[in-house]
file start09.cif (mmCIF, C-alpha atoms)
data_start
#
loop_
_atom_site.label_atom_id
_atom_site.label_comp_id
_atom_site.auth_asym_id
_atom_site.auth_seq_id
_atom_site.Cartn_x
_atom_site.Cartn_y
_atom_site.Cartn_z
CA MET A 247 15.24 7.58 10.17
CA GLU A 248 16.74 4.56 8.42
CA PRO A 249 14.69 3.49 5.37
CA SER A 250 12.74 0.28 5.85
CA PHE A 251 10.84 -0.01 2.60
CA GLY A 252 13.20 -2.47 0.89
CA PRO A 253 12.14 -5.55 2.86
CA LYS A 254 8.49 -4.57 2.33
CA ILE A 255 9.01 -4.57 -1.43
CA ALA A 256 10.74 -7.95 -1.19
CA TYR A 257 7.78 -9.25 0.85
CA TYR A 258 5.20 -8.16 -1.72
CA ARG A 259 7.31 -9.51 -4.59
CA GLN A 260 7.74 -12.88 -2.90
CA ARG A 261 4.06 -12.98 -1.99
CA LEU A 262 3.32 -12.98 -5.73
CA ASP A 263 5.99 -15.65 -6.24
CA LEU A 264 8.03 -13.36 -8.48
CA THR A 265 11.80 -13.29 -8.79
CA GLN A 266 13.74 -10.09 -9.22
CA ALA A 267 14.28 -11.11 -12.84
CA ASP A 268 10.49 -11.50 -13.24
CA VAL A 269 10.03 -7.92 -12.01
CA GLU A 270 12.55 -6.67 -14.57
CA ARG A 271 10.77 -8.57 -17.34
CA LEU A 272 7.24 -7.56 -16.26
CA THR A 273 8.19 -3.88 -16.03
CA GLY A 274 9.67 -3.98 -19.51
CA GLY A 275 13.13 -3.42 -18.08
CA ARG A 276 12.12 -0.19 -16.35
CA VAL A 277 13.09 -1.72 -12.98
CA LYS A 278 16.33 -3.65 -13.44
CA ARG A 279 16.96 -6.77 -11.35
CA SER A 280 20.21 -5.35 -9.99
CA TYR A 281 18.49 -2.09 -8.98
CA LEU A 282 15.67 -4.02 -7.30
CA ALA A 283 18.23 -6.05 -5.35
CA LYS A 284 19.72 -2.80 -4.03
CA ILE A 285 16.25 -1.49 -3.13
CA GLU A 286 15.33 -4.67 -1.26
CA THR A 287 18.53 -4.56 0.79
CA ASN A 288 18.13 -0.84 1.61
CA GLN A 289 21.16 0.17 -0.43
CA ILE A 290 18.81 2.55 -2.25
CA THR A 291 17.37 5.04 0.22
CA LEU A 292 14.98 6.95 -2.03
CA LEU A 293 12.65 5.65 -4.71
CA PRO A 294 12.08 7.86 -7.73
CA PRO A 295 8.35 8.30 -8.52
CA GLY A 296 8.61 6.25 -11.73
CA THR A 297 10.13 3.29 -9.90
CA PHE A 298 7.61 3.59 -7.06
CA ASN A 299 4.74 3.60 -9.57
CA GLU A 300 6.10 0.64 -11.55
CA LEU A 301 6.52 -1.45 -8.40
CA HIS A 302 3.15 -0.34 -7.02
CA ARG A 303 1.40 -1.30 -10.25
CA LEU A 304 3.07 -4.70 -10.42
CA LEU A 305 3.26 -5.74 -6.76
CA LYS A 306 -0.08 -4.23 -5.62
CA PHE A 307 1.25 -3.06 -2.25
CA PRO A 308 -0.69 -0.38 -0.35
CA GLY A 309 0.99 2.86 -1.39
CA TYR A 310 0.59 4.41 2.05
CA GLU A 311 2.49 1.52 3.65
CA LEU A 312 5.57 2.06 1.54
CA LEU A 313 5.39 5.84 1.85
CA GLU A 314 5.24 5.53 5.64
CA ALA A 315 8.22 3.14 5.54
CA MET A 316 10.08 5.79 3.53
CA GLY A 317 9.43 8.29 6.33
CA TYR A 318 6.50 10.22 4.83
CA GLU A 319 3.42 11.03 6.87
CA THR A 320 0.12 9.87 5.40
CA ASP A 321 -3.50 10.00 6.44
CA ALA A 322 -3.83 6.27 5.87
CA GLY A 323 -4.69 5.57 9.51
CA GLU A 324 -8.02 7.33 9.08
CA GLU A 325 -8.63 5.56 5.77
CA ARG A 326 -7.93 2.16 7.34
CA VAL A 327 -10.40 2.84 10.16
CA GLU A 328 -13.07 4.02 7.73
CA SER A 329 -12.51 0.98 5.53
CA ALA A 330 -12.74 -1.40 8.50
CA LEU A 331 -15.95 0.27 9.66
CA LEU A 332 -17.50 -0.05 6.20
CA VAL A 333 -16.63 -3.75 6.04
CA ALA A 334 -18.06 -4.32 9.52
CA ALA A 335 -21.23 -2.37 8.70
CA GLN A 336 -21.85 -4.47 5.59
CA ALA A 337 -22.11 -7.55 7.79
CA LEU A 338 -24.95 -5.99 9.82
CA PRO A 339 -28.64 -6.48 9.02
CA GLU A 340 -30.02 -3.94 6.53
CA SER A 341 -32.22 -2.28 9.17
CA THR A 342 -29.16 -1.68 11.37
CA GLN A 343 -27.23 -0.32 8.38
CA ARG A 344 -30.05 2.18 7.73
CA LEU A 345 -30.04 3.23 11.38
CA LEU A 346 -26.26 3.73 11.33
CA ALA A 347 -26.52 5.77 8.12
CA HIS A 348 -29.15 7.97 9.76
CA VAL A 349 -27.00 8.47 12.87
CA ALA A 350 -23.99 9.35 10.69
CA ARG A 351 -26.06 11.95 8.76
CA VAL A 352 -27.31 13.52 12.02
CA MET A 353 -23.77 13.64 13.44
CA ALA A 354 -22.42 15.19 10.23
CA CYS A 355 -24.99 17.99 10.41
CA GLY A 356 -23.75 19.09 13.74
#
call {"tool": "encode", "arguments": {"input": "start09.cif", "output": "structure tokens"}}
result
Amino acid sequence: MEPSFGPKIAYYRQRLDLTQADVERLTGGRVKRSYLAKIETNQITLLPPGTFNELHRLLKFPGYELLEAMGYETDAGEERVESALLVAAQALPESTQRLLAHVARVMACG
């Protein structure tokens, strides 16, 4: 599988209106501009954990999204569904939320 995480990193960087030089400066030089350029154009096919963490901290991308783009399997699909359900449930009246919580407890018990 060809890596596809580079354009995603570029997207999240540009979304924050940061240049590659800004990333180098804001990471204290731990992610060099020239290295980032190679990442964003898929010339780098594997991100070391330190680089991944630096970019994740700065660019605030969902970690699962980049890991999946790098070819790793994640359980993020389940987490996204759970998160969407929680957001939807919060918009319901309190009495309906209590009912749903009760149903969830009953279903969890078997």
call {"tool": "resolve_selection", "arguments": {"input": "start09.cif", "expression": "the PyMOL selection byres ((chain A and resi 298) around 12)", "output": "number ranges by chain"}}
result
A: 251-252, 255, 273, 276-277, 282, 285, 292-297, 299-310, 312-313, 316
call {"tool": "write_last_selection", "arguments": {"input": "start09.cif", "atoms": "C-alpha atoms", "output": "mmCIF file, in the coordinates of the input"}}
result
data_model
loop_
_atom_site.group_PDB
_atom_site.id
_atom_site.type_symbol
_atom_site.label_atom_id
_atom_site.label_comp_id
_atom_site.auth_asym_id
_atom_site.auth_seq_id
_atom_site.Cartn_x
_atom_site.Cartn_y
_atom_site.Cartn_z
ATOM 1 C CA PHE A 251 10.840 -0.010 2.600
ATOM 2 C CA GLY A 252 13.200 -2.470 0.890
ATOM 3 C CA ILE A 255 9.010 -4.570 -1.430
ATOM 4 C CA THR A 273 8.190 -3.880 -16.030
ATOM 5 C CA ARG A 276 12.120 -0.190 -16.350
ATOM 6 C CA VAL A 277 13.090 -1.720 -12.980
ATOM 7 C CA LEU A 282 15.670 -4.020 -7.300
ATOM 8 C CA ILE A 285 16.250 -1.490 -3.130
ATOM 9 C CA LEU A 292 14.980 6.950 -2.030
ATOM 10 C CA LEU A 293 12.650 5.650 -4.710
ATOM 11 C CA PRO A 294 12.080 7.860 -7.730
ATOM 12 C CA PRO A 295 8.350 8.300 -8.520
ATOM 13 C CA GLY A 296 8.610 6.250 -11.730
ATOM 14 C CA THR A 297 10.130 3.290 -9.900
ATOM 15 C CA ASN A 299 4.740 3.600 -9.570
ATOM 16 C CA GLU A 300 6.100 0.640 -11.550
ATOM 17 C CA LEU A 301 6.520 -1.450 -8.400
ATOM 18 C CA HIS A 302 3.150 -0.340 -7.020
ATOM 19 C CA ARG A 303 1.400 -1.300 -10.250
ATOM 20 C CA LEU A 304 3.070 -4.700 -10.420
ATOM 21 C CA LEU A 305 3.260 -5.740 -6.760
ATOM 22 C CA LYS A 306 -0.080 -4.230 -5.620
ATOM 23 C CA PHE A 307 1.250 -3.060 -2.250
ATOM 24 C CA PRO A 308 -0.690 -0.380 -0.350
ATOM 25 C CA GLY A 309 0.990 2.860 -1.390
ATOM 26 C CA TYR A 310 0.590 4.410 2.050
ATOM 27 C CA LEU A 312 5.570 2.060 1.540
ATOM 28 C CA LEU A 313 5.390 5.840 1.850
ATOM 29 C CA MET A 316 10.080 5.790 3.530
#
call {"tool": "atom_distance", "arguments": {"input": "start09.cif", "atom1": "CA of Leu264 (chain A)", "atom2": "CA of Lys278 (chain A)"}}
result
13.7 Å
call {"tool": "atom_distance", "arguments": {"input": "start09.cif", "atom1": "CA of Ser250 (chain A)", "atom2": "CA of Ser280 (chain A)"}}
result
18.4 Å
call {"tool": "atom_distance", "arguments": {"input": "start09.cif", "atom1": "CA of Ala256 (chain A)", "atom2": "CA of Lys284 (chain A)"}}
result
10.7 Å
call {"tool": "closest_residue", "arguments": {"input": "start09.cif", "among": "A:Ala267, A:Leu262, A:Ala315, A:Leu345", "to": "Thr291 (chain A)", "atoms": "only C-alpha atoms"}}
result
A:Ala315
call {"tool": "axis_aligned_box", "arguments": {"input": "start09.cif", "around": "region 252-269 of chain A", "padding_each_side": "3 Å", "output": "AutoDock Vina command-line options"}}
result
--center_x 8.8 --center_y -9.1 --center_z -5.2 --size_x 17.0 --size_y 19.2 --size_z 22.1
call {"tool": "closest_residue", "arguments": {"input": "start09.cif", "among": "A:Pro253, A:Cys355, A:Tyr318, A:Val349", "to": "Gln289 (chain A)", "atoms": "all atoms listed in the file"}}
result
A:Pro253
call {"tool": "build_atoms", "arguments": {"input": "start09.cif", "residues": "region 270-303 of chain A", "atoms": "N, CA and C atoms", "output": "PDB file, keeping the file's coordinate frame"}}
result
ATOM      1  N   GLU A 270      11.907  -7.375 -13.457  1.00  0.00           N
ATOM      2  CA  GLU A 270      12.550  -6.670 -14.570  1.00  0.00           C
ATOM      3  C   GLU A 270      11.801  -6.942 -15.875  1.00  0.00           C
ATOM      4  N   ARG A 271      11.472  -8.196 -16.106  1.00  0.00           N
ATOM      5  CA  ARG A 271      10.770  -8.570 -17.340  1.00  0.00           C
ATOM      6  C   ARG A 271       9.374  -7.950 -17.393  1.00  0.00           C
ATOM      7  N   LEU A 272       8.627  -8.036 -16.282  1.00  0.00           N
ATOM      8  CA  LEU A 272       7.240  -7.560 -16.260  1.00  0.00           C
ATOM      9  C   LEU A 272       7.133  -6.039 -16.286  1.00  0.00           C
ATOM     10  N   THR A 273       8.195  -5.352 -15.927  1.00  0.00           N
ATOM     11  CA  THR A 273       8.190  -3.880 -16.030  1.00  0.00           C
ATOM     12  C   THR A 273       8.824  -3.417 -17.334  1.00  0.00           C
ATOM     13  N   GLY A 274       9.072  -4.342 -18.225  1.00  0.00           N
ATOM     14  CA  GLY A 274       9.670  -3.980 -19.510  1.00  0.00           C
ATOM     15  C   GLY A 274      11.073  -3.429 -19.361  1.00  0.00           C
ATOM     16  N   GLY A 275      11.762  -3.866 -18.314  1.00  0.00           N
ATOM     17  CA  GLY A 275      13.130  -3.420 -18.080  1.00  0.00           C
ATOM     18  C   GLY A 275      13.231  -2.064 -17.390  1.00  0.00           C
ATOM     19  N   ARG A 276      12.087  -1.498 -17.017  1.00  0.00           N
ATOM     20  CA  ARG A 276      12.120  -0.190 -16.350  1.00  0.00           C
ATOM     21  C   ARG A 276      12.624  -0.287 -14.909  1.00  0.00           C
ATOM     22  N   VAL A 277      12.492  -1.470 -14.305  1.00  0.00           N
ATOM     23  CA  VAL A 277      13.090  -1.720 -12.980  1.00  0.00           C
ATOM     24  C   VAL A 277      14.031  -2.899 -13.155  1.00  0.00           C
ATOM     25  N   LYS A 278      15.313  -2.610 -13.220  1.00  0.00           N
ATOM     26  CA  LYS A 278      16.330  -3.650 -13.440  1.00  0.00           C
ATOM     27  C   LYS A 278      16.466  -4.536 -12.203  1.00  0.00           C
ATOM     28  N   ARG A 279      16.781  -5.810 -12.433  1.00  0.00           N
ATOM     29  CA  ARG A 279      16.960  -6.770 -11.350  1.00  0.00           C
ATOM     30  C   ARG A 279      18.014  -6.290 -10.365  1.00  0.00           C
ATOM     31  N   SER A 280      19.125  -5.791 -10.871  1.00  0.00           N
ATOM     32  CA  SER A 280      20.210  -5.350  -9.990  1.00  0.00           C
ATOM     33  C   SER A 280      19.786  -4.148  -9.141  1.00  0.00           C
ATOM     34  N   TYR A 281      18.990  -3.252  -9.711  1.00  0.00           N
ATOM     35  CA  TYR A 281      18.490  -2.090  -8.980  1.00  0.00           C
ATOM     36  C   TYR A 281      17.502  -2.534  -7.903  1.00  0.00           C
ATOM     37  N   LEU A 282      16.628  -3.478  -8.258  1.00  0.00           N
ATOM     38  CA  LEU A 282      15.670  -4.020  -7.300  1.00  0.00           C
ATOM     39  C   LEU A 282      16.387  -4.691  -6.132  1.00  0.00           C
ATOM     40  N   ALA A 283      17.458  -5.397  -6.417  1.00  0.00           N
ATOM     41  CA  ALA A 283      18.230  -6.050  -5.350  1.00  0.00           C
ATOM     42  C   ALA A 283      18.762  -4.997  -4.372  1.00  0.00           C
ATOM     43  N   LYS A 284      19.219  -3.869  -4.903  1.00  0.00           N
ATOM     44  CA  LYS A 284      19.720  -2.800  -4.030  1.00  0.00           C
ATOM     45  C   LYS A 284      18.583  -2.164  -3.231  1.00  0.00           C
ATOM     46  N   ILE A 285      17.410  -2.023  -3.853  1.00  0.00           N
ATOM     47  CA  ILE A 285      16.250  -1.490  -3.130  1.00  0.00           C
ATOM     48  C   ILE A 285      15.886  -2.407  -1.972  1.00  0.00           C
ATOM     49  N   GLU A 286      15.798  -3.704  -2.262  1.00  0.00           N
ATOM     50  CA  GLU A 286      15.330  -4.670  -1.260  1.00  0.00           C
ATOM     51  C   GLU A 286      16.298  -4.824  -0.091  1.00  0.00           C
ATOM     52  N   THR A 287      17.551  -4.468  -0.286  1.00  0.00           N
ATOM     53  CA  THR A 287      18.530  -4.560   0.790  1.00  0.00           C
ATOM     54  C   THR A 287      18.870  -3.187   1.370  1.00  0.00           C
ATOM     55  N   ASN A 288      17.994  -2.212   1.091  1.00  0.00           N
ATOM     56  CA  ASN A 288      18.130  -0.840   1.610  1.00  0.00           C
ATOM     57  C   ASN A 288      19.424  -0.145   1.213  1.00  0.00           C
ATOM     58  N   GLN A 289      20.013  -0.554   0.099  1.00  0.00           N
ATOM     59  CA  GLN A 289      21.160   0.170  -0.430  1.00  0.00           C
ATOM     60  C   GLN A 289      20.705   1.414  -1.191  1.00  0.00           C
ATOM     61  N   ILE A 290      19.451   1.400  -1.626  1.00  0.00           N
ATOM     62  CA  ILE A 290      18.810   2.550  -2.250  1.00  0.00           C
ATOM     63  C   ILE A 290      17.899   3.162  -1.188  1.00  0.00           C
ATOM     64  N   THR A 291      18.108   4.429  -0.886  1.00  0.00           N
ATOM     65  CA  THR A 291      17.370   5.040   0.220  1.00  0.00           C
ATOM     66  C   THR A 291      16.235   5.951  -0.222  1.00  0.00           C
ATOM     67  N   LEU A 292      16.048   6.115  -1.523  1.00  0.00           N
ATOM     68  CA  LEU A 292      14.980   6.950  -2.030  1.00  0.00           C
ATOM     69  C   LEU A 292      14.495   6.374  -3.354  1.00  0.00           C
ATOM     70  N   LEU A 293      13.198   6.167  -3.467  1.00  0.00           N
ATOM     71  CA  LEU A 293      12.650   5.650  -4.710  1.00  0.00           C
ATOM     72  C   LEU A 293      12.153   6.794  -5.584  1.00  0.00           C
ATOM     73  N   PRO A 294      12.636   6.873  -6.808  1.00  0.00           N
ATOM     74  CA  PRO A 294      12.080   7.860  -7.730  1.00  0.00           C
ATOM     75  C   PRO A 294      10.605   7.535  -8.000  1.00  0.00           C
ATOM     76  N   PRO A 295       9.780   8.548  -8.289  1.00  0.00           N
ATOM     77  CA  PRO A 295       8.350   8.300  -8.520  1.00  0.00           C
ATOM     78  C   PRO A 295       8.069   7.238  -9.585  1.00  0.00           C
ATOM     79  N   GLY A 296       8.840   7.238 -10.667  1.00  0.00           N
ATOM     80  CA  GLY A 296       8.610   6.250 -11.730  1.00  0.00           C
ATOM     81  C   GLY A 296       8.814   4.830 -11.231  1.00  0.00           C
ATOM     82  N   THR A 297       9.853   4.621 -10.448  1.00  0.00           N
ATOM     83  CA  THR A 297      10.130   3.290  -9.900  1.00  0.00           C
ATOM     84  C   THR A 297       9.045   2.898  -8.900  1.00  0.00           C
ATOM     85  N   PHE A 298       8.685   3.843  -8.032  1.00  0.00           N
ATOM     86  CA  PHE A 298       7.610   3.590  -7.060  1.00  0.00           C
ATOM     87  C   PHE A 298       6.347   3.156  -7.791  1.00  0.00           C
ATOM     88  N   ASN A 299       5.971   3.907  -8.835  1.00  0.00           N
ATOM     89  CA  ASN A 299       4.740   3.600  -9.570  1.00  0.00           C
ATOM     90  C   ASN A 299       4.811   2.252 -10.270  1.00  0.00           C
ATOM     91  N   GLU A 300       5.949   1.947 -10.884  1.00  0.00           N
ATOM     92  CA  GLU A 300       6.100   0.640 -11.550  1.00  0.00           C
ATOM     93  C   GLU A 300       5.931  -0.500 -10.547  1.00  0.00           C
ATOM     94  N   LEU A 301       6.603  -0.388  -9.407  1.00  0.00           N
ATOM     95  CA  LEU A 301       6.520  -1.450  -8.400  1.00  0.00           C
ATOM     96  C   LEU A 301       5.120  -1.523  -7.805  1.00  0.00           C
ATOM     97  N   HIS A 302       4.510  -0.371  -7.572  1.00  0.00           N
ATOM     98  CA  HIS A 302       3.150  -0.340  -7.020  1.00  0.00           C
ATOM     99  C   HIS A 302       2.169  -1.027  -7.972  1.00  0.00           C
ATOM    100  N   ARG A 303       2.284  -0.707  -9.245  1.00  0.00           N
ATOM    101  CA  ARG A 303       1.400  -1.300 -10.250  1.00  0.00           C
ATOM    102  C   ARG A 303       1.558  -2.818 -10.302  1.00  0.00           C
TER     103      ARG A 303
END
